[in-house]
>>> print(open('coords.cif').read())   # mmCIF, C-alpha atoms
data_run
loop_
_atom_site.label_atom_id
_atom_site.label_comp_id
_atom_site.auth_asym_id
_atom_site.auth_seq_id
_atom_site.Cartn_x
_atom_site.Cartn_y
_atom_site.Cartn_z
CA MET A 6 -59.35 -169.01 37.71
CA SER A 7 -60.30 -171.75 35.28
CA ALA A 8 -63.62 -170.00 34.64
CA ILE A 9 -61.73 -166.90 33.44
CA GLU A 10 -59.42 -169.09 31.38
CA ALA A 11 -62.37 -170.79 29.67
CA GLU A 12 -64.12 -167.48 29.03
CA LEU A 13 -61.06 -165.72 27.63
CA LYS A 14 -60.10 -168.77 25.58
CA ASN A 15 -63.54 -168.69 23.98
CA LEU A 16 -63.19 -165.02 23.18
CA MET A 17 -59.77 -165.65 21.64
CA VAL A 18 -61.10 -168.42 19.43
CA GLY A 19 -63.89 -166.09 18.31
CA GLY A 20 -61.43 -163.27 17.63
CA LEU A 21 -59.15 -165.53 15.59
CA ALA A 22 -62.13 -166.42 13.43
CA GLY A 23 -62.75 -162.72 12.81
CA ASP A 24 -65.41 -161.96 15.46
CA ALA A 25 -64.61 -158.32 16.29
CA ALA A 26 -66.95 -158.16 19.30
CA ALA A 27 -65.28 -161.19 20.89
CA HIS A 28 -61.83 -159.74 20.20
CA ARG A 29 -62.84 -156.39 21.70
CA THR A 30 -64.16 -158.06 24.85
CA LEU A 31 -60.99 -160.14 25.09
CA LEU A 32 -58.68 -157.12 24.85
CA ASP A 33 -60.88 -155.22 27.28
CA ARG A 34 -60.82 -158.02 29.87
CA LEU A 35 -57.09 -158.51 29.40
CA SER A 36 -56.39 -154.80 29.83
CA GLY A 37 -57.77 -154.90 33.38
CA ARG A 38 -55.70 -157.95 34.27
CA LEU A 39 -52.56 -156.60 32.62
CA ARG A 40 -52.94 -153.26 34.40
CA ALA A 41 -53.14 -154.94 37.81
CA TYR A 42 -50.21 -157.20 36.92
CA TYR A 43 -47.91 -154.42 35.73
CA LYS A 44 -48.79 -152.04 38.57
CA SER A 45 -47.95 -154.66 41.17
CA ARG A 46 -44.71 -155.75 39.43
CA LEU A 47 -43.51 -152.17 38.96
CA ALA A 48 -44.38 -151.24 42.55
CA ARG A 49 -42.50 -154.28 43.85
CA ILE A 50 -39.26 -153.17 42.22
CA GLY A 51 -39.76 -149.55 43.16
CA ARG A 52 -40.76 -148.18 39.76
CA SER A 53 -43.49 -145.66 39.10
CA ALA A 54 -46.94 -147.05 38.34
CA ALA A 55 -47.22 -144.44 35.58
CA GLU A 56 -45.22 -146.73 33.35
CA ALA A 57 -47.86 -149.43 33.80
CA GLU A 58 -50.23 -148.09 31.18
CA ASP A 59 -47.48 -147.93 28.55
CA LEU A 60 -46.85 -151.60 29.22
CA VAL A 61 -50.56 -152.46 29.16
CA GLN A 62 -50.82 -150.97 25.70
CA GLU A 63 -47.65 -152.60 24.44
CA ALA A 64 -48.87 -155.98 25.69
CA LEU A 65 -52.31 -155.49 24.11
CA LEU A 66 -50.69 -154.53 20.84
CA ALA A 67 -48.50 -157.65 21.06
CA VAL A 68 -51.47 -159.90 21.90
CA HIS A 69 -53.21 -158.51 18.84
CA ILE A 70 -50.26 -158.65 16.41
CA GLN A 71 -49.05 -162.05 17.60
CA ARG A 72 -52.45 -163.73 17.88
CA HIS A 73 -51.49 -166.06 15.03
CA THR A 74 -49.02 -167.68 17.47
CA ASN A 75 -51.82 -168.68 19.82
CA ASP A 76 -52.28 -172.44 19.71
CA PRO A 77 -56.02 -173.21 19.94
CA ASP A 78 -55.24 -176.58 21.53
CA GLU A 79 -53.36 -174.98 24.41
CA PRO A 80 -54.67 -172.91 27.35
CA LEU A 81 -54.61 -169.15 26.86
CA THR A 82 -53.26 -168.08 30.27
CA PRO A 83 -49.62 -169.21 29.83
CA TRP A 84 -49.54 -167.61 26.38
CA VAL A 85 -50.75 -164.25 27.69
CA HIS A 86 -48.44 -164.50 30.66
CA ALA A 87 -45.42 -165.19 28.45
CA ILE A 88 -46.20 -162.11 26.34
CA ALA A 89 -46.84 -159.90 29.37
CA ARG A 90 -43.66 -160.99 31.11
CA TYR A 91 -41.58 -160.71 27.93
CA LYS A 92 -42.76 -157.13 27.48
CA LEU A 93 -42.06 -156.36 31.16
CA ILE A 94 -38.50 -157.71 30.97
CA ASP A 95 -37.93 -155.95 27.65
CA HIS A 96 -39.18 -152.68 29.15
CA LEU A 97 -36.98 -152.97 32.23
CA ARG A 98 -33.97 -153.83 30.11
CA ALA A 99 -34.59 -150.93 27.72
CA THR A 100 -34.94 -148.51 30.62
CA LYS A 101 -31.85 -150.01 32.24
CA ALA A 102 -33.46 -151.35 35.39
CA SER A 103 -32.11 -154.28 37.32
CA LEU A 104 -33.89 -157.54 36.64
CA ALA A 105 -32.50 -159.12 39.80
CA GLU A 106 -35.55 -158.37 41.89
CA LEU A 107 -38.06 -159.66 39.41
CA PRO A 108 -39.60 -162.69 41.09
CA ILE A 109 -40.27 -165.98 39.36
CA GLU A 110 -44.01 -166.44 39.14
CA ALA A 111 -46.75 -168.81 38.06
CA ALA A 112 -48.58 -168.14 34.80
CA GLY A 113 -51.87 -167.76 36.70
CA GLU A 114 -50.67 -164.49 38.25
CA ILE A 115 -51.43 -162.73 35.00
CA LEU A 116 -55.15 -163.15 35.60
CA ALA A 117 -55.08 -162.90 39.39
CA GLN A 118 -56.33 -159.33 39.70
CA ASP A 119 -58.39 -156.88 37.76
CA ASP A 120 -57.92 -153.11 37.60
CA HIS A 121 -60.25 -150.93 35.60
CA ALA A 122 -58.94 -147.48 36.34
CA GLY A 123 -59.49 -145.82 32.97
CA ALA A 124 -56.06 -144.85 31.86
CA GLU A 125 -53.89 -143.19 29.32
CA SER A 126 -50.36 -143.99 28.23
CA ALA A 127 -47.61 -141.55 27.36
CA TYR A 128 -47.84 -142.61 23.71
CA ASP A 129 -49.29 -140.24 21.18
CA LEU A 130 -50.69 -142.42 18.40
CA ARG A 131 -50.85 -139.67 15.78
CA ARG A 132 -47.25 -138.70 16.44
CA LEU A 133 -46.03 -142.32 16.35
CA MET A 134 -47.93 -142.92 13.12
CA LYS A 135 -45.95 -140.15 11.43
CA ARG A 136 -42.86 -142.35 11.73
CA LEU A 137 -44.42 -145.13 9.65
CA PRO A 138 -43.87 -145.46 5.91
CA GLU A 139 -46.53 -143.61 3.93
CA LYS A 140 -48.41 -146.67 2.63
CA MET A 141 -48.67 -148.30 6.04
CA ARG A 142 -49.78 -145.08 7.66
CA ARG A 143 -52.46 -144.49 5.05
CA ALA A 144 -53.74 -148.05 5.30
CA ILE A 145 -54.02 -147.90 9.09
CA GLU A 146 -55.67 -144.48 8.98
CA CYS A 147 -58.30 -145.65 6.51
CA VAL A 148 -59.08 -149.10 7.85
CA LYS A 149 -58.34 -148.87 11.56
CA LEU A 150 -59.00 -145.23 12.45
CA GLU A 151 -61.61 -144.00 9.97
CA GLY A 152 -63.25 -147.42 9.82
CA LEU A 153 -63.45 -147.69 6.04
CA SER A 154 -63.90 -151.19 4.69
CA VAL A 155 -60.91 -152.79 3.00
CA ALA A 156 -62.57 -152.27 -0.41
CA GLU A 157 -63.22 -148.57 0.30
CA ALA A 158 -59.70 -148.11 1.61
CA ALA A 159 -58.28 -149.78 -1.50
CA GLU A 160 -60.12 -147.22 -3.62
CA GLU A 161 -59.08 -144.33 -1.38
CA CYS A 162 -55.38 -145.25 -1.21
CA ASP A 163 -55.09 -146.53 -4.76
CA MET A 164 -53.88 -149.96 -3.63
CA SER A 165 -55.21 -153.46 -4.17
CA LYS A 166 -57.31 -154.95 -1.39
CA SER A 167 -54.61 -157.41 -0.45
CA ALA A 168 -52.05 -154.59 -0.38
CA VAL A 169 -54.29 -152.72 2.08
CA LYS A 170 -54.50 -155.76 4.36
CA ILE A 171 -50.75 -156.36 4.19
CA ASN A 172 -49.99 -152.72 4.90
CA VAL A 173 -52.35 -152.67 7.90
CA HIS A 174 -50.69 -155.79 9.28
CA ARG A 175 -47.13 -154.59 8.64
CA GLY A 176 -48.03 -151.13 9.85
CA LEU A 177 -49.15 -152.42 13.26
CA ARG A 178 -45.94 -154.40 13.56
CA ALA A 179 -43.96 -151.33 12.59
CA LEU A 180 -45.89 -149.31 15.17
CA ALA A 181 -44.83 -151.76 17.89
CA ALA A 182 -41.24 -151.45 16.65
CA VAL A 183 -41.43 -147.63 16.74
CA ILE A 184 -42.63 -147.81 20.35
CA ALA A 185 -39.78 -150.16 21.25
CA ARG A 186 -37.24 -147.83 19.65
CA GLU A 187 -38.76 -144.80 21.37
CA LYS A 188 -38.09 -146.46 24.69
CA LYS A 189 -34.43 -147.11 24.07
CA LYS A 190 -33.68 -143.40 23.95
CA MET B 81 -53.38 -142.54 23.96
CA LYS B 82 -56.26 -143.99 25.94
CA THR B 83 -56.21 -147.78 26.25
CA HIS B 84 -59.84 -147.84 25.22
CA ASP B 85 -58.98 -146.06 21.97
CA LEU B 86 -56.19 -148.52 21.26
CA ILE B 87 -58.57 -151.46 21.68
CA GLU B 88 -61.09 -149.70 19.48
CA MET B 89 -58.47 -149.22 16.77
CA LEU B 90 -57.18 -152.79 16.94
CA THR B 91 -60.64 -154.32 16.66
CA THR B 92 -61.95 -152.11 13.86
CA ASN B 93 -62.30 -154.16 10.66
CA LEU B 94 -60.84 -157.23 12.33
CA GLU B 95 -59.48 -159.83 9.93
CA PRO B 96 -59.59 -163.54 10.73
CA VAL B 97 -56.22 -165.09 11.44
CA ASP B 98 -54.89 -168.50 10.49
CA HIS B 99 -53.36 -170.17 13.53
CA ARG B 100 -51.56 -172.73 11.35
CA GLN B 101 -49.17 -170.00 10.19
CA VAL B 102 -46.54 -171.00 12.76
CA MET B 103 -46.44 -174.57 11.51
CA ARG B 104 -46.48 -173.51 7.89
CA THR B 105 -43.93 -170.69 8.02
CA VAL B 106 -41.38 -172.37 10.31
CA GLY B 107 -41.84 -175.75 8.62
CA MET B 108 -41.34 -174.23 5.18
CA ALA B 109 -38.25 -172.37 6.40
CA VAL B 110 -36.63 -175.59 7.63
CA MET B 111 -37.45 -177.36 4.37
CA ALA B 112 -36.26 -174.46 2.22
CA GLY B 113 -33.06 -174.31 4.28
CA THR B 114 -32.51 -178.03 3.72
CA ALA B 115 -33.07 -177.66 -0.01
CA VAL B 116 -30.59 -174.77 -0.22
CA ALA B 117 -27.94 -176.63 1.79
CA LEU B 118 -28.31 -179.75 -0.38
CA GLY B 119 -28.30 -177.72 -3.58
CA VAL B 120 -25.18 -175.75 -2.68
CA MET B 121 -23.37 -178.90 -1.57
CA LEU B 122 -24.21 -180.77 -4.77
CA LEU B 123 -23.22 -177.81 -6.94
CA LEU B 124 -19.96 -177.06 -5.15
CA PHE B 125 -18.75 -180.51 -4.14
CA GLY B 126 -20.91 -183.24 -5.71
CA VAL B 127 -21.70 -186.64 -4.22
CA ARG B 128 -18.76 -188.80 -3.10
CA ALA B 129 -17.59 -191.11 -5.88
CA ASP B 130 -17.08 -194.32 -3.88
CA LEU B 131 -20.69 -195.18 -3.08
CA ASN B 132 -20.36 -198.66 -4.60
CA ALA B 133 -18.36 -199.70 -1.52
CA THR B 134 -20.49 -201.01 1.37
CA SER B 135 -18.43 -199.29 4.05
CA ALA B 136 -18.89 -195.93 2.33
CA VAL B 137 -22.65 -196.43 2.23
CA ILE B 138 -22.73 -197.45 5.90
CA PHE B 139 -20.82 -194.33 6.92
CA LEU B 140 -22.97 -192.10 4.76
CA LEU B 141 -26.08 -193.53 6.42
CA LEU B 142 -24.51 -193.09 9.85
CA LYS B 143 -23.72 -189.44 9.19
CA LEU B 144 -27.25 -188.87 7.89
CA ALA B 145 -28.71 -190.68 10.94
CA PHE B 146 -26.71 -188.44 13.27
CA THR B 147 -27.82 -185.23 11.54
CA MET B 148 -31.44 -186.38 11.22
CA ALA B 149 -31.49 -187.27 14.92
CA LEU B 150 -30.69 -183.58 15.50
CA ILE B 151 -32.82 -182.02 12.78
CA ILE B 152 -36.12 -183.75 13.57
CA PRO B 153 -36.44 -183.07 17.33
CA ALA B 154 -34.85 -179.61 16.97
CA SER B 155 -37.38 -178.64 14.28
CA ILE B 156 -40.26 -179.77 16.48
CA TYR B 157 -38.86 -177.72 19.38
CA LEU B 158 -38.37 -174.77 17.07
CA LEU B 159 -42.11 -174.84 16.31
CA ARG B 160 -42.81 -174.71 20.05
CA LEU B 161 -40.26 -171.96 20.70
CA ALA B 162 -41.84 -169.82 17.99
CA ARG B 163 -44.85 -169.28 20.30
CA PRO B 164 -44.84 -167.20 23.49
CA GLY B 165 -44.13 -169.44 26.48
CA GLY B 166 -43.13 -172.36 24.23
CA GLU B 167 -39.80 -172.72 26.06
CA ARG B 168 -41.64 -174.50 28.90
CA LYS B 169 -42.04 -177.49 26.61
CA VAL B 170 -38.54 -177.84 25.27
CA PRO B 171 -36.39 -180.37 27.13
CA MET B 172 -32.88 -179.55 25.85
CA THR B 173 -31.57 -182.98 26.94
CA PHE B 174 -33.30 -184.54 23.92
CA VAL B 175 -31.27 -182.33 21.63
CA ALA B 176 -28.06 -183.15 23.49
CA ALA B 177 -28.64 -186.93 23.25
CA PRO B 178 -27.34 -187.39 19.65
CA PHE B 179 -24.16 -185.48 20.55
CA ILE B 180 -23.57 -187.69 23.58
CA ALA B 181 -24.28 -190.83 21.54
CA ILE B 182 -21.81 -189.94 18.78
CA VAL B 183 -19.09 -189.02 21.30
CA LEU B 184 -19.58 -192.36 23.09
CA LEU B 185 -19.42 -194.26 19.80
CA ALA B 186 -16.28 -192.34 18.86
CA ALA B 187 -14.66 -193.17 22.21
CA ILE B 188 -15.51 -196.86 21.81
CA SER B 189 -14.08 -197.00 18.29
CA LEU B 190 -10.89 -195.29 19.48
CA ALA B 191 -10.60 -197.74 22.35
CA PHE B 192 -10.65 -200.68 19.92
CA ALA B 193 -8.16 -199.12 17.51
CA PRO B 194 -4.36 -199.11 17.89
CA THR B 195 -3.03 -195.78 19.17
CA SER B 196 -1.05 -195.31 15.97
CA HIS B 197 -4.33 -194.99 14.01
CA TRP B 198 -5.80 -192.36 16.31
CA ASP B 199 -4.33 -189.42 14.45
CA SER B 200 -5.81 -190.37 11.09
CA MET B 201 -9.15 -191.37 12.68
CA ILE B 202 -9.57 -188.04 14.44
CA VAL B 203 -8.06 -185.63 11.96
CA GLY B 204 -9.01 -187.42 8.72
CA ASP B 205 -8.04 -186.12 5.28
CA ARG B 206 -10.19 -183.05 4.96
CA TRP B 207 -10.94 -181.75 8.44
CA LEU B 208 -10.38 -178.17 7.34
CA GLU B 209 -12.82 -178.44 4.45
CA CYS B 210 -15.42 -179.90 6.83
CA LEU B 211 -14.73 -177.27 9.50
CA LEU B 212 -15.23 -174.43 7.03
CA SER B 213 -17.96 -175.81 4.74
CA ILE B 214 -20.54 -176.74 7.35
CA PRO B 215 -20.76 -173.34 9.09
CA VAL B 216 -20.47 -171.36 5.85
CA ILE B 217 -23.21 -173.31 4.09
CA ALA B 218 -25.34 -173.10 7.25
CA ILE B 219 -25.58 -169.31 6.82
CA VAL B 220 -28.39 -169.37 4.27
CA PRO B 221 -30.59 -171.91 6.13
CA PHE B 222 -29.96 -169.93 9.33
CA ALA B 223 -31.07 -166.70 7.65
CA VAL B 224 -34.24 -168.35 6.35
CA ILE B 225 -35.08 -169.80 9.77
CA ILE B 226 -34.45 -166.45 11.49
CA TRP B 227 -36.65 -164.75 8.88
CA ALA B 228 -39.45 -167.19 9.79
CA LEU B 229 -38.95 -166.79 13.54
CA ARG B 230 -39.10 -163.01 13.21
CA ARG B 231 -42.68 -163.46 12.03
CA MET B 232 -43.43 -165.33 15.25
CA ALA B 233 -43.14 -164.37 18.91
CA PRO B 234 -40.48 -166.41 20.72
CA THR B 235 -40.06 -165.36 24.35
CA ASP B 236 -36.78 -167.18 24.94
CA LEU B 237 -34.59 -165.56 22.31
CA VAL B 238 -31.36 -167.31 23.30
CA ARG B 239 -32.90 -170.76 22.99
CA ALA B 240 -34.82 -169.93 19.83
CA GLY B 241 -31.62 -168.59 18.24
CA ALA B 242 -29.62 -171.60 19.44
CA LEU B 243 -32.08 -174.10 18.00
CA GLY B 244 -32.22 -172.13 14.75
CA GLY B 245 -28.42 -172.37 14.56
CA LEU B 246 -28.53 -176.06 15.42
CA VAL B 247 -31.05 -176.90 12.70
CA ALA B 248 -29.11 -174.82 10.16
CA GLY B 249 -25.82 -176.47 11.13
CA ALA B 250 -27.28 -179.99 11.08
CA VAL B 251 -28.98 -179.43 7.72
CA SER B 252 -25.70 -178.18 6.30
CA ALA B 253 -23.83 -181.16 7.79
CA ALA B 254 -26.37 -183.56 6.24
CA GLY B 255 -25.63 -182.01 2.86
CA TYR B 256 -21.88 -182.18 3.44
CA ALA B 257 -22.18 -185.87 4.41
CA LEU B 258 -23.09 -186.69 0.79
CA HIS B 259 -19.66 -185.52 -0.28
CA CYS B 260 -17.43 -186.25 2.70
CA SER B 261 -15.25 -189.36 2.39
CA ASP B 262 -13.69 -189.27 5.86
CA ASP B 263 -15.14 -192.42 7.34
CA SER B 264 -14.41 -192.69 11.03
CA LEU B 265 -16.58 -192.18 14.08
CA PRO B 266 -14.15 -189.83 15.87
CA PHE B 267 -14.04 -187.67 12.73
CA VAL B 268 -17.84 -187.41 12.63
CA ALA B 269 -18.04 -186.71 16.36
CA LEU B 270 -15.41 -183.98 16.29
CA TRP B 271 -15.88 -182.24 12.95
CA TYR B 272 -19.62 -182.76 12.43
CA GLY B 273 -20.59 -182.50 16.09
CA GLY B 274 -18.15 -179.65 16.65
CA THR B 275 -19.23 -177.53 13.70
CA ILE B 276 -22.92 -178.04 14.52
CA ALA B 277 -22.15 -176.98 18.10
CA ILE B 278 -20.43 -173.85 16.75
CA CYS B 279 -23.55 -173.03 14.69
CA THR B 280 -25.69 -173.56 17.81
CA ALA B 281 -23.53 -171.21 19.86
CA ALA B 282 -23.57 -168.58 17.11
CA GLY B 283 -27.37 -168.83 17.00
CA ALA B 284 -27.61 -168.42 20.77
CA LEU B 285 -25.46 -165.27 20.58
CA LEU B 286 -27.37 -163.77 17.65
CA GLY B 287 -30.87 -164.74 18.84
CA PRO B 288 -31.48 -161.86 21.28
CA ARG B 289 -30.30 -159.36 18.67
CA LEU B 290 -32.18 -160.73 15.69
CA LEU B 291 -35.41 -161.98 17.22
CA ARG B 292 -36.51 -159.14 19.50
CA TRP B 293 -40.10 -158.02 19.01
#
>>> encode(input="coords.cif", output="structure tokens")
Amino acid sequence: MSAIEAELKNLMVGGLAGDAAAHRTLLDRLSGRLRAYYKSRLARIGRSAAEAEDLVQEALLAVHIQRHTNDPDEPLTPWVHAIARYKLIDHLRATKASLAELPIEAAGEILAQDDHAGAESAYDLRRLMKRLPEKMRRAIECVKLEGLSVAEAAEECDMSKSAVKINVHRGLRALAAVIAREKKK
Amino acid sequence: MKTHDLIEMLTTNLEPVDHRQVMRTVGMAVMAGTAVALGVMLLLFGVRADLNATSAVIFLLLKLAFTMALIIPASIYLLRLARPGGERKVPMTFVAAPFIAIVLLAAISLAFAPTSHWDSMIVGDRWLECLLSIPVIAIVPFAVIIWALRRMAPTDLVRAGALGGLVAGAVSAAGYALHCSDDSLPFVALWYGGTIAICTAAGALLGPRLLRW
């Protein structure tokens, strides 16, 4: 367990410094652990495992958006666990499930198992993106989907470079909010 | 959407992130809230006129000590609560200690005073002004603190909201102390402690609604 912690912690530190390869590996490793975690939790309270992938993606999005709240002096596992569990409870509440059967657990459970079944969520990114304000949508399309550099995107969208960065950041937060709202219906 | 595609999107053109943002944003919010509370108090009420009397100075310092004893630990806990899982490291007893201390002091001072003085010691001259001013002036600091917390990821929204309310209430009470000329321990315990407790409860109620992410 502590070997995984040390490895993931390293990747997180790299990602925070801007190392995209480290961040990609981190999210990839976490997706397997999160998938196993959510599948087992949902099965235990009699919910369909199909919801698991939605939760995996929400948690990954949260890990990414909230990575500035990761304290480099603290272990990573409890931080990831808190996010994963928060998203699980939020999901169950939004879909009006009872929380009574949700067991109390140790933070280590988040990394206990790995599940690499390649999977797809019910979310349609392109459709969700349409609900974002124009500037945010354009910024994400350019920088995150088409892979243009910030400078190229600034040219393309007729914004300053810092405006592009801000719109990407706000856009991802808004995307998470759109997903949360979607669920409440 | 495939999870692989999501990861691909999130990591494309990754920007470095400053992990000191929590400290900076929440810390600035508490300081800005304090500045606003002090500013509004000074503009609306002004500093009490009798500060040449020793007893007035002693009571002013006591009121400030009580509010600071709440503001400092609560702000540190607020920084922890702003991070996922931070609630594991927030012993609420520490925050309750100043309340217990002031209530004990108030009880002792009542015990040593003749019963006929109790009314004026507890109710004071301007209890209504105190009861209304502290929560009303706490609104702006509370809004600033909530704004900062919404940029973070608290996972215990009730506690994060409660501590936000507590800091806002205590900051507002510290500002009010500069003006307030009701000098008795029971007054401070009831009207300062009570209004700060009201702000805390309001924060706890609003937290889950305002801080969800």
>>> residues_around(input="coords.cif", residues="Leu153 (chain A)", least_positions_apart="4", cutoff="12 Å", atoms="only C-alpha atoms", output="list in words")
Arg143, Ala144, Ile145, Glu146, Cys147, Val148, Lys149, Glu157, Ala158, Ala159, Glu160, Glu161, Cys162 and Val169 of chain A; Met89, Thr92, Asn93 and Leu94 of chain B
>>> atom_distance(input="coords.cif", atom1="CA of Val175 (chain B)", atom2="CA of Met103 (chain B)")
19.8 Å
>>> resolve_selection(input="coords.cif", expression="the PyMOL selection byres ((chain A) within 7 of (chain B))", output="VMD selection string")
chain A and resid 21 to 23 25 28 to 29 32 62 71 73 to 76 83 to 84 87 to 88 91 124 to 130 148 to 150 152 154
>>> write_last_selection(input="coords.cif", atoms="C-alpha atoms", output="PDB file, keeping the file's coordinate frame")
ATOM      1  CA  LEU A  21     -59.150-165.530  15.590  1.00  0.00           C
ATOM      2  CA  ALA A  22     -62.130-166.420  13.430  1.00  0.00           C
ATOM      3  CA  GLY A  23     -62.750-162.720  12.810  1.00  0.00           C
ATOM      4  CA  ALA A  25     -64.610-158.320  16.290  1.00  0.00           C
ATOM      5  CA  HIS A  28     -61.830-159.740  20.200  1.00  0.00           C
ATOM      6  CA  ARG A  29     -62.840-156.390  21.700  1.00  0.00           C
ATOM      7  CA  LEU A  32     -58.680-157.120  24.850  1.00  0.00           C
ATOM      8  CA  GLN A  62     -50.820-150.970  25.700  1.00  0.00           C
ATOM      9  CA  GLN A  71     -49.050-162.050  17.600  1.00  0.00           C
ATOM     10  CA  HIS A  73     -51.490-166.060  15.030  1.00  0.00           C
ATOM     11  CA  THR A  74     -49.020-167.680  17.470  1.00  0.00           C
ATOM     12  CA  ASN A  75     -51.820-168.680  19.820  1.00  0.00           C
ATOM     13  CA  ASP A  76     -52.280-172.440  19.710  1.00  0.00           C
ATOM     14  CA  PRO A  83     -49.620-169.210  29.830  1.00  0.00           C
ATOM     15  CA  TRP A  84     -49.540-167.610  26.380  1.00  0.00           C
ATOM     16  CA  ALA A  87     -45.420-165.190  28.450  1.00  0.00           C
ATOM     17  CA  ILE A  88     -46.200-162.110  26.340  1.00  0.00           C
ATOM     18  CA  TYR A  91     -41.580-160.710  27.930  1.00  0.00           C
ATOM     19  CA  ALA A 124     -56.060-144.850  31.860  1.00  0.00           C
ATOM     20  CA  GLU A 125     -53.890-143.190  29.320  1.00  0.00           C
ATOM     21  CA  SER A 126     -50.360-143.990  28.230  1.00  0.00           C
ATOM     22  CA  ALA A 127     -47.610-141.550  27.360  1.00  0.00           C
ATOM     23  CA  TYR A 128     -47.840-142.610  23.710  1.00  0.00           C
ATOM     24  CA  ASP A 129     -49.290-140.240  21.180  1.00  0.00           C
ATOM     25  CA  LEU A 130     -50.690-142.420  18.400  1.00  0.00           C
ATOM     26  CA  VAL A 148     -59.080-149.100   7.850  1.00  0.00           C
ATOM     27  CA  LYS A 149     -58.340-148.870  11.560  1.00  0.00           C
ATOM     28  CA  LEU A 150     -59.000-145.230  12.450  1.00  0.00           C
ATOM     29  CA  GLY A 152     -63.250-147.420   9.820  1.00  0.00           C
ATOM     30  CA  SER A 154     -63.900-151.190   4.690  1.00  0.00           C
TER      31      SER A 154
END
>>> residues_near_point(input="coords.cif", point="(-34.2, -160.5, 36.9)", cutoff="12 Å", atoms="only C-alpha atoms", output="list in words")
Arg46, Ile50, Arg90, Tyr91, Leu93, Ile94, Asp95, Leu97, Arg98, Lys101, Ala102, Ser103, Leu104, Ala105, Glu106, Leu107, Pro108, Ile109 and Glu110 of chain A
>>> write_last_selection(input="coords.cif", atoms="C-alpha atoms", output="mmCIF file, in the frame of the given file")
data_model
loop_
_atom_site.group_PDB
_atom_site.id
_atom_site.type_symbol
_atom_site.label_atom_id
_atom_site.label_comp_id
_atom_site.auth_asym_id
_atom_site.auth_seq_id
_atom_site.Cartn_x
_atom_site.Cartn_y
_atom_site.Cartn_z
ATOM 1 C CA ARG A 46 -44.710 -155.750 39.430
ATOM 2 C CA ILE A 50 -39.260 -153.170 42.220
ATOM 3 C CA ARG A 90 -43.660 -160.990 31.110
ATOM 4 C CA TYR A 91 -41.580 -160.710 27.930
ATOM 5 C CA LEU A 93 -42.060 -156.360 31.160
ATOM 6 C CA ILE A 94 -38.500 -157.710 30.970
ATOM 7 C CA ASP A 95 -37.930 -155.950 27.650
ATOM 8 C CA LEU A 97 -36.980 -152.970 32.230
ATOM 9 C CA ARG A 98 -33.970 -153.830 30.110
ATOM 10 C CA LYS A 101 -31.850 -150.010 32.240
ATOM 11 C CA ALA A 102 -33.460 -151.350 35.390
ATOM 12 C CA SER A 103 -32.110 -154.280 37.320
ATOM 13 C CA LEU A 104 -33.890 -157.540 36.640
ATOM 14 C CA ALA A 105 -32.500 -159.120 39.800
ATOM 15 C CA GLU A 106 -35.550 -158.370 41.890
ATOM 16 C CA LEU A 107 -38.060 -159.660 39.410
ATOM 17 C CA PRO A 108 -39.600 -162.690 41.090
ATOM 18 C CA ILE A 109 -40.270 -165.980 39.360
ATOM 19 C CA GLU A 110 -44.010 -166.440 39.140
#
>>> atom_distance(input="coords.cif", atom1="CA of Ala149 (chain B)", atom2="CA of Ala254 (chain B)")
10.7 Å
>>> residues_around(input="coords.cif", residues="region 36-38 of chain A", least_positions_apart="4", cutoff="6 Å", atoms="all atoms listed in the file", output="PyMOL selection string")
chain A and resi 32+116+118-121
>>> closest_residue(input="coords.cif", among="B:Gly241, B:Gly204, B:Pro215, B:Pro153", to="Asp262 (chain B)", atoms="only C-alpha atoms")
B:Gly204
>>> closest_residue(input="coords.cif", among="B:Asp263, B:Thr173, B:Tyr256, B:Ala277", to="Thr134 (chain B)", atoms="only C-alpha atoms")
B:Asp263
>>> resolve_selection(input="coords.cif", expression="the PyMOL selection byres ((chain B and resi 174) around 10)", output="number ranges by chain")
B: 149-150, 153-154, 157, 170-173, 175-179
>>> atom_distance(input="coords.cif", atom1="CA of Ala109 (chain B)", atom2="CA of Ala248 (chain B)")
10.2 Å
>>> closest_residue(input="coords.cif", among="B:Gly107, B:Gly119, B:Pro288, B:Gly126", to="Leu237 (chain B)", atoms="all atoms listed in the file")
B:Pro288
>>> closest_residue(input="coords.cif", among="A:Lys166, A:Glu63, A:Glu114, A:Glu151", to="Ala182 (chain A)", atoms="only C-alpha atoms")
A:Glu63
>>> residues_around(input="coords.cif", residues="region 196-201 of chain B", least_positions_apart="4", cutoff="9 Å", atoms="all atoms listed in the file", output="list in words")
Leu190, Asp205, Asp262, Asp263, Ser264, Leu265, Pro266 and Phe267 of chain B
>>> resolve_selection(input="coords.cif", expression="the PyMOL selection byres ((chain A and resi 67) around 10)", output="compact mmCIF listing (two decimals) with C-alpha atoms, in the coordinates of the input")
# COMPACT_ATOMS: atom_id res chain seq x y z
CA VAL A 61 -50.56 -152.46 29.16
CA GLN A 62 -50.82 -150.97 25.70
CA GLU A 63 -47.65 -152.60 24.44
CA ALA A 64 -48.87 -155.98 25.69
CA LEU A 65 -52.31 -155.49 24.11
CA LEU A 66 -50.69 -154.53 20.84
CA VAL A 68 -51.47 -159.90 21.90
CA HIS A 69 -53.21 -158.51 18.84
CA ILE A 70 -50.26 -158.65 16.41
CA GLN A 71 -49.05 -162.05 17.60
CA ARG A 72 -52.45 -163.73 17.88
CA VAL A 85 -50.75 -164.25 27.69
CA ILE A 88 -46.20 -162.11 26.34
CA ALA A 89 -46.84 -159.90 29.37
CA LYS A 92 -42.76 -157.13 27.48
CA LEU A 177 -49.15 -152.42 13.26
CA ARG A 178 -45.94 -154.40 13.56
CA ALA A 181 -44.83 -151.76 17.89
CA ALA B 233 -43.14 -164.37 18.91
CA TRP B 293 -40.10 -158.02 19.01
